[in-house]
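Dumped start-v1.tsv below, it's TSV, C-alpha atoms and all ligand atoms:
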chain	number	residue	atom	x	y	z
A	233	MET	CA	14.45	-4.91	167.78
A	234	ALA	CA	17.53	-5.61	169.86
A	235	LYS	CA	15.48	-7.70	172.23
A	236	LYS	CA	14.06	-9.84	169.46
A	237	LYS	CA	17.46	-10.45	168.01
A	238	LYS	CA	18.68	-11.55	171.38
A	239	SER	CA	15.94	-14.11	171.86
A	240	GLN	CA	16.52	-15.49	168.38
A	241	GLN	CA	20.22	-15.76	169.11
A	242	ALA	CA	19.49	-17.61	172.36
A	243	ALA	CA	17.31	-20.08	170.52
A	244	ASP	CA	19.99	-20.60	167.89
A	245	ASP	CA	22.62	-21.22	170.56
A	246	GLN	CA	20.45	-23.68	172.36
A	247	LEU	CA	19.70	-25.54	169.17
A	248	PHE	CA	23.38	-25.79	168.44
A	249	GLN	CA	24.15	-27.10	171.94
A	250	MET	CA	21.41	-29.66	171.84
A	251	ASN	CA	22.34	-30.83	168.41
A	252	ARG	CA	25.83	-31.52	169.68
A	253	GLN	CA	24.60	-33.52	172.63
A	254	SER	CA	21.80	-35.34	170.92
A	255	SER	CA	23.80	-38.28	169.54
A	256	ASN	CA	24.10	-39.92	172.99
A	257	LEU	CA	20.48	-39.58	174.07
A	258	ASN	CA	17.71	-42.14	174.21
A	259	GLN	CA	14.47	-41.59	172.35
A	260	ASN	CA	12.61	-40.15	175.33
A	261	GLN	CA	15.30	-37.65	176.10
A	262	GLN	CA	15.53	-36.73	172.46
A	263	GLN	CA	11.81	-36.14	172.42
A	264	ILE	CA	11.95	-33.79	175.40
A	265	ILE	CA	14.79	-31.85	173.89
A	266	ASN	CA	13.02	-31.61	170.58
A	267	GLU	CA	9.97	-30.18	172.22
A	268	ASN	CA	12.04	-27.70	174.17
A	269	ILE	CA	13.86	-26.57	171.09
A	270	TYR	CA	10.62	-26.31	169.29
A	271	LYS	CA	8.98	-24.21	171.97
A	272	LYS	CA	12.01	-22.00	172.15
A	273	TYR	CA	11.91	-21.45	168.42
A	274	ALA	CA	8.23	-20.92	168.28
A	275	THR	CA	8.36	-18.39	171.11
A	276	ALA	CA	11.28	-16.54	169.63
A	277	TYR	CA	9.71	-16.19	166.24
A	278	ILE	CA	6.21	-15.50	167.39
A	279	GLU	CA	7.66	-12.57	169.26
A	280	THR	CA	8.81	-11.06	166.01
A	281	ASP	CA	5.86	-9.06	164.89
A	282	LYS	CA	6.59	-8.67	161.20
A	283	PRO	CA	4.04	-8.48	158.41
A	284	ARG	CA	3.46	-11.98	157.07
A	285	LYS	CA	4.42	-12.35	153.45
A	286	LYS	CA	3.53	-15.99	153.03
A	287	ASP	CA	0.53	-17.75	154.44
A	288	SER	CA	1.73	-21.25	155.13
A	289	VAL	CA	1.23	-22.39	158.69
A	290	LEU	CA	4.96	-22.44	159.10
A	291	ASP	CA	5.39	-18.84	158.07
A	292	ILE	CA	2.54	-17.68	160.24
A	293	ILE	CA	4.07	-19.34	163.27
A	294	PHE	CA	7.65	-18.38	162.72
A	295	GLY	CA	7.32	-15.17	160.82
A	296	VAL	CA	9.07	-14.75	157.54
A	297	ASN	CA	12.78	-14.85	157.88
A	298	ASP	CA	14.67	-16.59	155.11
A	299	LYS	CA	17.84	-16.74	157.15
A	300	VAL	CA	16.45	-19.14	159.73
A	301	SER	CA	14.19	-21.19	157.49
A	302	ASP	CA	16.87	-23.82	156.73
A	303	LYS	CA	17.31	-24.51	160.41
A	304	ILE	CA	13.61	-24.55	160.99
A	305	ASP	CA	13.17	-27.18	158.32
A	306	ASP	CA	15.61	-29.41	160.23
A	307	THR	CA	13.78	-28.68	163.45
A	308	LEU	CA	10.50	-29.67	161.91
A	309	ASN	CA	11.65	-33.18	161.14
A	310	TRP	CA	12.03	-33.84	164.86
A	311	LEU	CA	8.63	-32.56	165.79
A	312	PRO	CA	5.84	-34.90	166.83
A	313	SER	CA	3.21	-35.02	164.11
A	314	GLY	CA	0.51	-32.38	164.54
A	315	GLU	CA	2.59	-30.30	166.91
A	316	LEU	CA	2.84	-27.34	164.60
A	317	GLU	CA	-0.85	-27.33	163.98
A	318	ARG	CA	-1.61	-27.64	167.68
A	319	TYR	CA	0.71	-24.77	168.44
A	320	TYR	CA	-0.77	-22.65	165.69
A	321	TYR	CA	-4.35	-23.14	166.77
A	322	ASN	CA	-3.62	-22.79	170.49
A	323	ARG	CA	-1.89	-19.54	169.82
A	324	LYS	CA	-4.83	-18.35	167.78
A	325	LEU	CA	-7.13	-18.77	170.77
A	326	ASN	CA	-5.99	-15.42	172.06
A	327	PHE	CA	-5.36	-12.06	170.52
A	328	SER	CA	-1.91	-10.78	171.23
A	329	SER	CA	-3.13	-7.19	171.61
A	330	SER	CA	-6.31	-5.17	171.47
A	331	TYR	CA	-7.58	-3.89	168.14
A	332	GLU	CA	-7.05	-0.29	169.21
A	333	GLU	CA	-3.47	-1.03	170.27
A	334	THR	CA	-2.76	-2.71	166.96
A	335	ALA	CA	-4.32	0.12	164.98
A	336	GLU	CA	-2.52	2.70	167.06
A	337	LYS	CA	0.80	0.91	166.79
A	338	SER	CA	0.69	0.47	163.06
A	339	HIS	CA	-1.03	3.80	162.29
A	340	ILE	CA	-3.65	1.83	160.46
A	341	TYR	CA	-7.36	2.14	160.73
A	342	ARG	CA	-9.16	-0.39	158.60
A	343	PRO	CA	-12.60	0.79	157.54
A	344	ILE	CA	-15.37	-1.79	157.25
A	345	ILE	CA	-16.35	-2.14	153.62
A	346	ALA	CA	-19.75	-3.72	152.99
A	347	LEU	CA	-19.96	-5.91	149.87
A	348	MET	CA	-23.27	-6.62	148.21
A	349	PRO	CA	-23.82	-10.38	148.14
A	350	LEU	CA	-23.67	-12.24	144.84
A	351	VAL	CA	-26.67	-14.48	144.41
A	352	ASP	CA	-26.83	-17.93	142.86
A	353	ASP	CA	-30.51	-18.52	142.13
A	354	GLU	CA	-30.07	-22.16	141.07
A	355	ARG	CA	-28.44	-23.17	144.32
A	356	ALA	CA	-30.45	-20.72	146.40
A	357	SER	CA	-27.10	-19.47	147.77
A	358	TYR	CA	-24.98	-16.39	148.17
A	359	TRP	CA	-21.41	-16.38	146.89
A	360	MET	CA	-18.48	-14.01	146.51
A	361	LEU	CA	-15.61	-13.45	144.10
A	362	PRO	CA	-12.42	-13.45	146.17
A	363	GLY	CA	-11.09	-10.48	144.18
A	364	TYR	CA	-13.58	-8.11	145.79
A	365	MET	CA	-12.50	-9.23	149.26
A	366	GLN	CA	-8.77	-9.42	148.57
A	367	GLY	CA	-8.72	-6.19	146.59
A	368	ILE	CA	-10.25	-4.38	149.58
A	369	ILE	CA	-7.98	-6.13	152.09
A	370	ASN	CA	-4.89	-5.23	150.08
A	371	ALA	CA	-6.11	-1.65	149.90
A	372	GLY	CA	-6.31	-1.46	153.71
A	373	GLY	CA	-9.99	-2.17	154.34
A	374	THR	CA	-11.88	-4.95	156.08
A	375	PRO	CA	-14.53	-6.34	153.74
A	376	ILE	CA	-17.71	-8.01	154.91
A	377	MET	CA	-20.44	-9.51	152.76
A	378	LEU	CA	-23.94	-8.31	153.58
A	379	PRO	CA	-27.01	-10.51	153.91
A	380	LEU	CA	-29.52	-10.40	151.08
A	381	THR	CA	-32.45	-8.53	152.56
A	382	ASP	CA	-34.63	-5.54	151.84
A	383	ASP	CA	-35.69	-5.17	155.47
A	384	GLU	CA	-35.58	-1.42	156.01
A	385	HIS	CA	-34.42	-1.57	159.62
A	386	ILE	CA	-31.52	-3.84	158.75
A	387	ILE	CA	-30.56	-1.62	155.84
A	388	ARG	CA	-30.58	1.50	158.02
A	389	GLN	CA	-28.47	-0.30	160.60
A	390	LEU	CA	-25.96	-1.47	157.99
A	391	ALA	CA	-25.76	2.00	156.46
A	392	ASP	CA	-24.97	3.41	159.92
A	393	LYS	CA	-22.45	0.78	160.97
A	394	CYS	CA	-20.38	0.25	157.83
A	395	ASP	CA	-17.83	2.75	156.59
A	396	GLY	CA	-17.97	2.17	152.82
A	397	PHE	CA	-20.20	0.31	150.37
A	398	LEU	CA	-19.10	-1.72	147.38
A	399	PHE	CA	-21.89	-2.42	144.91
A	400	THR	CA	-20.72	-5.58	143.17
A	401	GLY	CA	-21.44	-7.06	139.73
A	402	GLY	CA	-24.07	-9.68	139.05
A	403	HIS	CA	-27.65	-9.80	137.82
A	404	ASP	CA	-29.00	-7.32	135.30
A	405	ILE	CA	-30.83	-4.36	136.78
A	406	SER	CA	-34.57	-4.78	136.35
A	407	PRO	CA	-35.75	-2.42	133.56
A	408	TRP	CA	-38.79	-1.71	135.73
A	409	LEU	CA	-36.43	0.38	137.85
A	410	TYR	CA	-36.07	2.83	134.97
A	411	GLY	CA	-39.58	2.49	133.65
A	412	GLU	CA	-39.09	0.03	130.79
A	413	ASN	CA	-40.45	-3.41	130.04
A	414	PRO	CA	-37.73	-6.08	129.85
A	415	MET	CA	-36.63	-7.08	126.34
A	416	PRO	CA	-36.05	-10.76	125.60
A	417	GLU	CA	-32.29	-10.01	125.56
A	418	CYS	CA	-32.35	-8.67	129.10
A	419	GLY	CA	-30.68	-11.14	131.47
A	420	SER	CA	-32.13	-12.51	134.67
A	421	CYS	CA	-32.82	-10.02	137.44
A	422	SER	CA	-32.99	-10.25	141.22
A	423	GLN	CA	-35.84	-8.19	142.64
A	424	ILE	CA	-34.57	-8.48	146.17
A	425	ARG	CA	-31.04	-7.38	145.20
A	426	ASP	CA	-32.45	-4.45	143.26
A	427	ASN	CA	-34.60	-3.38	146.15
A	428	MET	CA	-31.99	-3.89	148.84
A	429	GLU	CA	-29.29	-2.07	146.89
A	430	ARG	CA	-31.58	0.78	145.91
A	431	LEU	CA	-32.49	1.44	149.56
A	432	LEU	CA	-28.93	1.03	150.78
A	433	LEU	CA	-27.51	3.26	148.07
A	434	ILE	CA	-29.97	6.04	148.86
A	435	ARG	CA	-29.32	5.77	152.61
A	436	ALA	CA	-25.53	5.58	152.31
A	437	THR	CA	-25.52	8.54	149.92
A	438	GLU	CA	-27.64	10.57	152.36
A	439	LEU	CA	-25.06	9.79	155.05
A	440	ASN	CA	-22.32	10.85	152.63
A	441	LYS	CA	-20.54	7.52	153.00
A	442	PRO	CA	-18.17	6.33	150.27
A	443	ILE	CA	-19.68	4.17	147.55
A	444	LEU	CA	-17.98	2.27	144.75
A	445	GLY	CA	-20.16	0.67	142.09
A	446	ILE	CA	-18.59	-1.92	139.81
A	447	CYS	CA	-20.30	-3.08	136.57
A	448	ARG	CA	-23.85	-3.76	137.81
A	449	GLY	CA	-22.94	-1.25	140.52
A	450	ILE	CA	-22.45	1.70	138.12
A	451	GLN	CA	-25.68	0.71	136.38
A	452	LEU	CA	-27.51	0.60	139.70
A	453	ILE	CA	-26.26	4.05	140.71
A	454	ASN	CA	-27.29	5.48	137.37
A	455	THR	CA	-30.80	4.02	137.41
A	456	VAL	CA	-31.53	4.79	141.06
A	457	TYR	CA	-30.77	8.45	140.35
A	458	GLY	CA	-32.94	8.63	137.25
A	459	GLY	CA	-30.76	7.35	134.39
A	460	THR	CA	-31.50	4.50	131.97
A	461	LEU	CA	-29.59	1.52	130.56
A	462	TYR	CA	-29.10	-0.33	127.34
A	463	GLN	CA	-30.75	-3.62	128.21
A	464	ASP	CA	-28.47	-5.38	125.75
A	465	LEU	CA	-25.52	-3.64	124.08
A	466	PRO	CA	-25.15	-6.05	121.12
A	467	LYS	CA	-28.81	-5.46	120.26
A	468	GLN	CA	-29.14	-1.74	121.01
A	469	PHE	CA	-25.71	-0.18	120.72
A	470	ASN	CA	-23.58	-0.12	117.61
A	471	SER	CA	-19.95	-0.75	118.56
A	472	GLU	CA	-16.81	-2.38	117.27
A	473	LEU	CA	-15.48	-2.82	120.77
A	474	GLU	CA	-15.43	-6.03	122.74
A	475	HIS	CA	-17.43	-5.24	125.87
A	476	LYS	CA	-17.96	-8.84	126.93
A	477	GLN	CA	-14.55	-10.45	126.86
A	478	LYS	CA	-13.51	-14.06	127.22
A	479	PRO	CA	-11.12	-15.20	129.99
A	480	PRO	CA	-8.64	-14.26	131.30
A	481	TYR	CA	-10.71	-11.47	132.79
A	482	ASP	CA	-7.75	-9.45	134.03
A	483	LYS	CA	-6.65	-8.79	130.45
A	484	PRO	CA	-7.42	-5.27	129.13
A	485	VAL	CA	-9.57	-5.36	125.97
A	486	HIS	CA	-10.42	-1.73	125.25
A	487	ASP	CA	-9.33	1.78	126.16
A	488	VAL	CA	-11.27	4.48	127.98
A	489	SER	CA	-10.55	8.20	127.85
A	490	ILE	CA	-10.58	9.98	131.16
A	491	TYR	CA	-12.05	13.48	131.41
A	492	TYR	CA	-9.97	16.29	132.84
A	493	ASN	CA	-11.18	17.85	136.06
A	494	THR	CA	-12.63	14.62	137.38
A	495	PRO	CA	-11.57	12.73	140.51
A	496	LEU	CA	-10.50	9.79	138.34
A	497	TYR	CA	-8.14	12.01	136.38
A	498	ASP	CA	-6.81	13.45	139.63
A	499	LEU	CA	-6.15	9.94	140.89
A	500	LEU	CA	-4.59	8.34	137.80
A	501	ASN	CA	-3.15	11.48	136.22
A	502	THR	CA	-3.47	10.08	132.71
A	503	LYS	CA	-5.81	10.61	129.79
A	504	ILE	CA	-6.22	7.07	128.48
A	505	ILE	CA	-6.16	3.74	130.28
A	506	SER	CA	-6.78	0.18	129.11
A	507	VAL	CA	-9.48	-1.74	130.92
A	508	ASN	CA	-11.05	-5.16	131.00
A	509	SER	CA	-14.69	-5.41	130.00
A	510	TYR	CA	-17.32	-7.94	130.98
A	511	HIS	CA	-20.78	-6.47	130.57
A	512	HIS	CA	-23.67	-6.67	128.12
A	513	GLN	CA	-25.58	-3.72	129.57
A	514	GLY	CA	-24.43	-0.12	129.86
A	515	ILE	CA	-25.48	3.46	130.58
A	516	LYS	CA	-27.91	4.90	127.99
A	517	ASN	CA	-29.12	8.16	129.53
A	518	LEU	CA	-26.85	9.42	132.27
A	519	SER	CA	-28.50	10.50	135.53
A	520	ASP	CA	-28.46	14.27	136.01
A	521	LYS	CA	-27.04	13.66	139.51
A	522	LEU	CA	-23.89	12.14	137.97
A	523	LEU	CA	-21.00	13.34	135.84
A	524	PRO	CA	-18.99	11.15	133.46
A	525	MET	CA	-15.33	10.43	134.31
A	526	ALA	CA	-14.38	8.02	131.52
A	527	ILE	CA	-15.74	7.12	128.10
A	528	ALA	CA	-14.94	4.29	125.67
A	529	ASP	CA	-14.01	5.01	122.05
A	530	ASP	CA	-17.52	4.00	120.95
A	531	GLY	CA	-19.04	6.67	123.21
A	532	LEU	CA	-20.19	4.40	126.05
A	533	VAL	CA	-19.83	6.01	129.47
A	534	GLU	CA	-17.61	3.73	131.57
A	535	ALA	CA	-17.03	5.72	134.76
A	536	VAL	CA	-19.14	8.26	136.66
A	537	TYR	CA	-19.14	10.15	139.94
A	538	MET	CA	-21.54	12.20	142.01
A	539	PRO	CA	-20.22	15.71	142.63
A	540	ASN	CA	-20.33	17.23	146.12
A	541	LYS	CA	-20.11	13.81	147.78
A	542	ARG	CA	-17.16	12.38	149.64
A	543	PHE	CA	-16.87	9.47	147.18
A	544	VAL	CA	-19.64	8.10	144.97
A	545	TRP	CA	-18.01	6.44	141.99
A	546	GLY	CA	-19.19	3.93	139.44
A	547	ILE	CA	-16.95	2.09	136.99
A	548	GLN	CA	-17.99	-0.28	134.24
A	549	TRP	CA	-14.80	-2.36	134.21
A	550	HIS	CA	-13.63	-4.89	136.81
A	551	PRO	CA	-10.76	-4.01	139.18
A	552	GLU	CA	-11.60	-7.12	141.23
A	553	PHE	CA	-10.23	-9.20	138.34
A	554	SER	CA	-7.25	-6.98	137.56
A	555	TYR	CA	-5.96	-5.55	140.87
A	556	LYS	CA	-3.06	-8.02	140.94
A	557	SER	CA	-1.64	-6.97	137.58
A	558	ASP	CA	-3.04	-3.46	137.12
A	559	GLU	CA	-1.82	-0.49	139.13
A	560	ASN	CA	-4.84	1.64	138.17
A	561	SER	CA	-7.20	-0.95	139.64
A	562	ARG	CA	-5.25	-0.95	142.88
A	563	LEU	CA	-5.30	2.85	143.04
A	564	ILE	CA	-9.09	2.89	142.68
A	565	PHE	CA	-9.55	0.41	145.53
A	566	GLU	CA	-7.06	2.34	147.65
A	567	LYS	CA	-8.78	5.68	147.08
A	568	PHE	CA	-12.15	4.16	147.96
A	569	VAL	CA	-10.79	2.61	151.17
A	570	GLU	CA	-8.92	5.77	152.11
A	571	LYS	CA	-12.11	7.82	151.73
A	572	SER	CA	-13.92	5.27	153.92
A	573	LYS	CA	-11.64	5.85	156.89
A	574	VAL	CA	-13.71	7.40	159.63
A	575	LYS	CA	-12.31	10.63	160.94
A	576	ARG	CA	-11.73	10.16	164.66
B	601	MN	MN	-16.55	-1.99	128.41

Would it be possible to restate this file's structure as structure tokens?
Ligand SMILES: [Mn+2]
Amino acid sequence: MAKKKKSQQAADDQLFQMNRQSSNLNQNQQQIINENIYKKYATAYIETDKPRKKDSVLDIIFGVNDKVSDKIDDTLNWLPSGELERYYYNRKLNFSSSYEETAEKSHIYRPIIALMPLVDDERASYWMLPGYMQGIINAGGTPIMLPLTDDEHIIRQLADKCDGFLFTGGHDISPWLYGENPMPECGSCSQIRDNMERLLLIRATELNKPILGICRGIQLINTVYGGTLYQDLPKQFNSELEHKQKPPYDKPVHDVSIYYNTPLYDLLNTKIISVNSYHHQGIKNLSDKLLPMAIADDGLVEAVYMPNKRFVWGIQWHPEFSYKSDENSRLIFEKFVEKSKVKR
């Protein structure tokens, strides 16, 4: 710390000196001095290895320090155009330290969390909601989106290499998976997603790796292990509750009661929480491999877990929409990521 302060102080002093002299200089000289000051500043502040609170290029380069930002703004006006960007990208050509050093230094190990790809059939594309990624990053994990494939070798490899598995929302689960014909009210399905996720879920569960299923994810877990679904809640399930809300999706729209003696109760330490809700399907018969953790007032099971596993959870609501405003959502992501940390 003392060293950093010293180099900042030196840069400040030099800036002051050069400011004083600068009135008598020609443009060329001024330019050279500006660049020197700039490099001095950049070096001094790059050396400060603080967590970055803001993500502007400026903050990334200089680190966040409100006290010096006024001076930096002045400095910037003298800089040749593009200089900041050049400096930023040049610096980013090299890592400042090895991953192991960084992890060791900060006592952080970031587990790799595999996200199931969202699929846009019309555009023949994959896509991703940023909330899944950012929620996992904020919770201390490193998310990656998987390819859409049911190739068994690739799925085995992914199950081995990744530390945790997030089964995302999306298409309806094909009723064929639980032995029913699709009703007209059943939404569109993705055979390849169903097949890929079924194989990956089974493999990851065998390996006792942490699994979090969200919305479609809880439904997938239930059906793969022998449960069934309501293909369409409005048609098949009598309820006063709003299970498919309108935006904003981070707003809670109904309560769920949490069962005692479940991991969810242990985590949140409360009996009732308010959740968002954006689903038209839901659990009908619960798999006998799963136990309920939370239930809505209309009797719909909204959270489940698999006993005797490190972490196999499914939840029917959407923490990826609410993690910014809702502490419970953050705690769920954090528990999942914590459980995904490989013991070394
Ligand atoms: Mn709901």

Write out as JSON lines the residues of chain A that have any atom within 9 Å of an atom of ligand MN 601 (chain B), one row each with the nearest atom pair and its distance in Å to one decimal, counting all atoms listed in the file, sorted by chain and then rising number.
{"residue": "A:Leu473", "atom": "CA", "partner": "B:MN601", "partner_atom": "MN", "distance": 7.8}
{"residue": "A:Glu474", "atom": "CA", "partner": "B:MN601", "partner_atom": "MN", "distance": 7.1}
{"residue": "A:His475", "atom": "CA", "partner": "B:MN601", "partner_atom": "MN", "distance": 4.2}
{"residue": "A:Lys476", "atom": "CA", "partner": "B:MN601", "partner_atom": "MN", "distance": 7.1}
{"residue": "A:Gln477", "atom": "CA", "partner": "B:MN601", "partner_atom": "MN", "distance": 8.8}
{"residue": "A:Val485", "atom": "CA", "partner": "B:MN601", "partner_atom": "MN", "distance": 8.1}
{"residue": "A:His486", "atom": "CA", "partner": "B:MN601", "partner_atom": "MN", "distance": 6.9}
{"residue": "A:Asp487", "atom": "CA", "partner": "B:MN601", "partner_atom": "MN", "distance": 8.5}
{"residue": "A:Val488", "atom": "CA", "partner": "B:MN601", "partner_atom": "MN", "distance": 8.4}
{"residue": "A:Val507", "atom": "CA", "partner": "B:MN601", "partner_atom": "MN", "distance": 7.5}
{"residue": "A:Asn508", "atom": "CA", "partner": "B:MN601", "partner_atom": "MN", "distance": 6.9}
{"residue": "A:Ser509", "atom": "CA", "partner": "B:MN601", "partner_atom": "MN", "distance": 4.2}
{"residue": "A:Tyr510", "atom": "CA", "partner": "B:MN601", "partner_atom": "MN", "distance": 6.5}
{"residue": "A:His511", "atom": "CA", "partner": "B:MN601", "partner_atom": "MN", "distance": 6.5}
{"residue": "A:His512", "atom": "CA", "partner": "B:MN601", "partner_atom": "MN", "distance": 8.5}
{"residue": "A:Gly514", "atom": "CA", "partner": "B:MN601", "partner_atom": "MN", "distance": 8.2}
{"residue": "A:Ala528", "atom": "CA", "partner": "B:MN601", "partner_atom": "MN", "distance": 7.0}
{"residue": "A:Leu532", "atom": "CA", "partner": "B:MN601", "partner_atom": "MN", "distance": 7.7}
{"residue": "A:Val533", "atom": "CA", "partner": "B:MN601", "partner_atom": "MN", "distance": 8.7}
{"residue": "A:Glu534", "atom": "CA", "partner": "B:MN601", "partner_atom": "MN", "distance": 6.6}
{"residue": "A:Gln548", "atom": "CA", "partner": "B:MN601", "partner_atom": "MN", "distance": 6.2}
{"residue": "A:Trp549", "atom": "CA", "partner": "B:MN601", "partner_atom": "MN", "distance": 6.1}

Discussion item. With distances taken over only C-alpha atoms, which residue among A:Pro480, A:Ser422, A:Ile446, A:Ser489 lies nearest A:Thr502?
Written reply: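 Among the listed residues, A:Ser489 lies closest to A:Thr502.
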
Item to complete: Excluding A:Lys393 and residues on its chain fewer than 6 positions from it, collect all residues at most 12 Å away from it, counting only C-alpha atoms, and give them as a list in words.
Response: Pro343, Ile344, Ile345, Ala346, Ile376, Leu378, Ile386, Ile387, Arg435, Ala436, Leu439, Lys441, Ser572 and Val574 of chain A

Worksheet item: Which of these, A:Arg342, A:Lys556, A:Arg542, A:Arg388, has the shortest distance to A:Leu444 once you count all atoms listed in the file?
Response: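 Of A:Arg342, A:Lys556, A:Arg542, A:Arg388, the one nearest A:Leu444, counting all atoms listed in the file, is A:Arg542.
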
Discussion item. As an exercise, work out the distance from atom CA of A:Val544 to atom CA of A:Pro442 in Å and give it to one decimal place.
Written reply: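 Computing the Euclidean distance for atom CA of A:Val544 and atom CA of A:Pro442 yields 5.8 Å.
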
Worksheet item: So how far away is atom CA of A:Ile564 from atom CA of A:Lys521, in Å?
Response: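 For atom CA of A:Lys521 relative to atom CA of A:Ile564, the distance reads 21.2 Å.
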
Worksheet item: If you count only C-alpha atoms, which residues fall within 7 Å of A:Tyr457, apart from same-chain ones fewer than 3 positions away, as a ChimeraX atom specification?
Response: /A:453-454,519,521

Worksheet entry | Interatomic distance, atom CA of A:Met360 to atom CA of A:His403 (Å, one decimal) | 13.3 Å

Worksheet entry | Best match for closeness to A:Glu384 among A:Lys503, A:Glu429, A:Glu570, A:Val456, counting all atoms listed in the file | A:Glu429

Discussion item. Would you pick out the contacts of A:Glu552 at 6 Å or less, using only C-alpha atoms, so that residues sharing its chain but fewer than 2 positions from it are not included, and give the list as a list in words?
Written reply: Gly363, Tyr364, His550, Ser554 and Tyr555 of chain A

Item to complete: Counting all atoms listed in the file, figure out which residue out of A:Ala391, A:Leu465, A:Cys418, A:Leu347 gets nearest to A:Met365.
Response: A:Leu347

Worksheet item: A:Leu500: which residues within 10 Å, counting all atoms listed in the file, same-chain residues fewer than 2 positions away excluded, as a PyMOL selection string?
Response: chain A and resi 490+495-498+502-505+559-561+563-564

Item to complete: Name the closest residue to A:Pro407 among the candidates A:Ile443, A:Ile424, A:Leu461, A:Leu361; distances are taken between atoms, counting all atoms listed in the file.
Response: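 Of the candidates, the smallest distance to A:Pro407 is held by A:Leu461.
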
Fill in: Which of A:Phe399, A:Phe565, A:Tyr491, A:Tyr410 sits closest to A:Gly546 [using all atoms listed in the file]
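Using all atoms listed in the file, the shortest distance to A:Gly546 belongs to A:Phe399.
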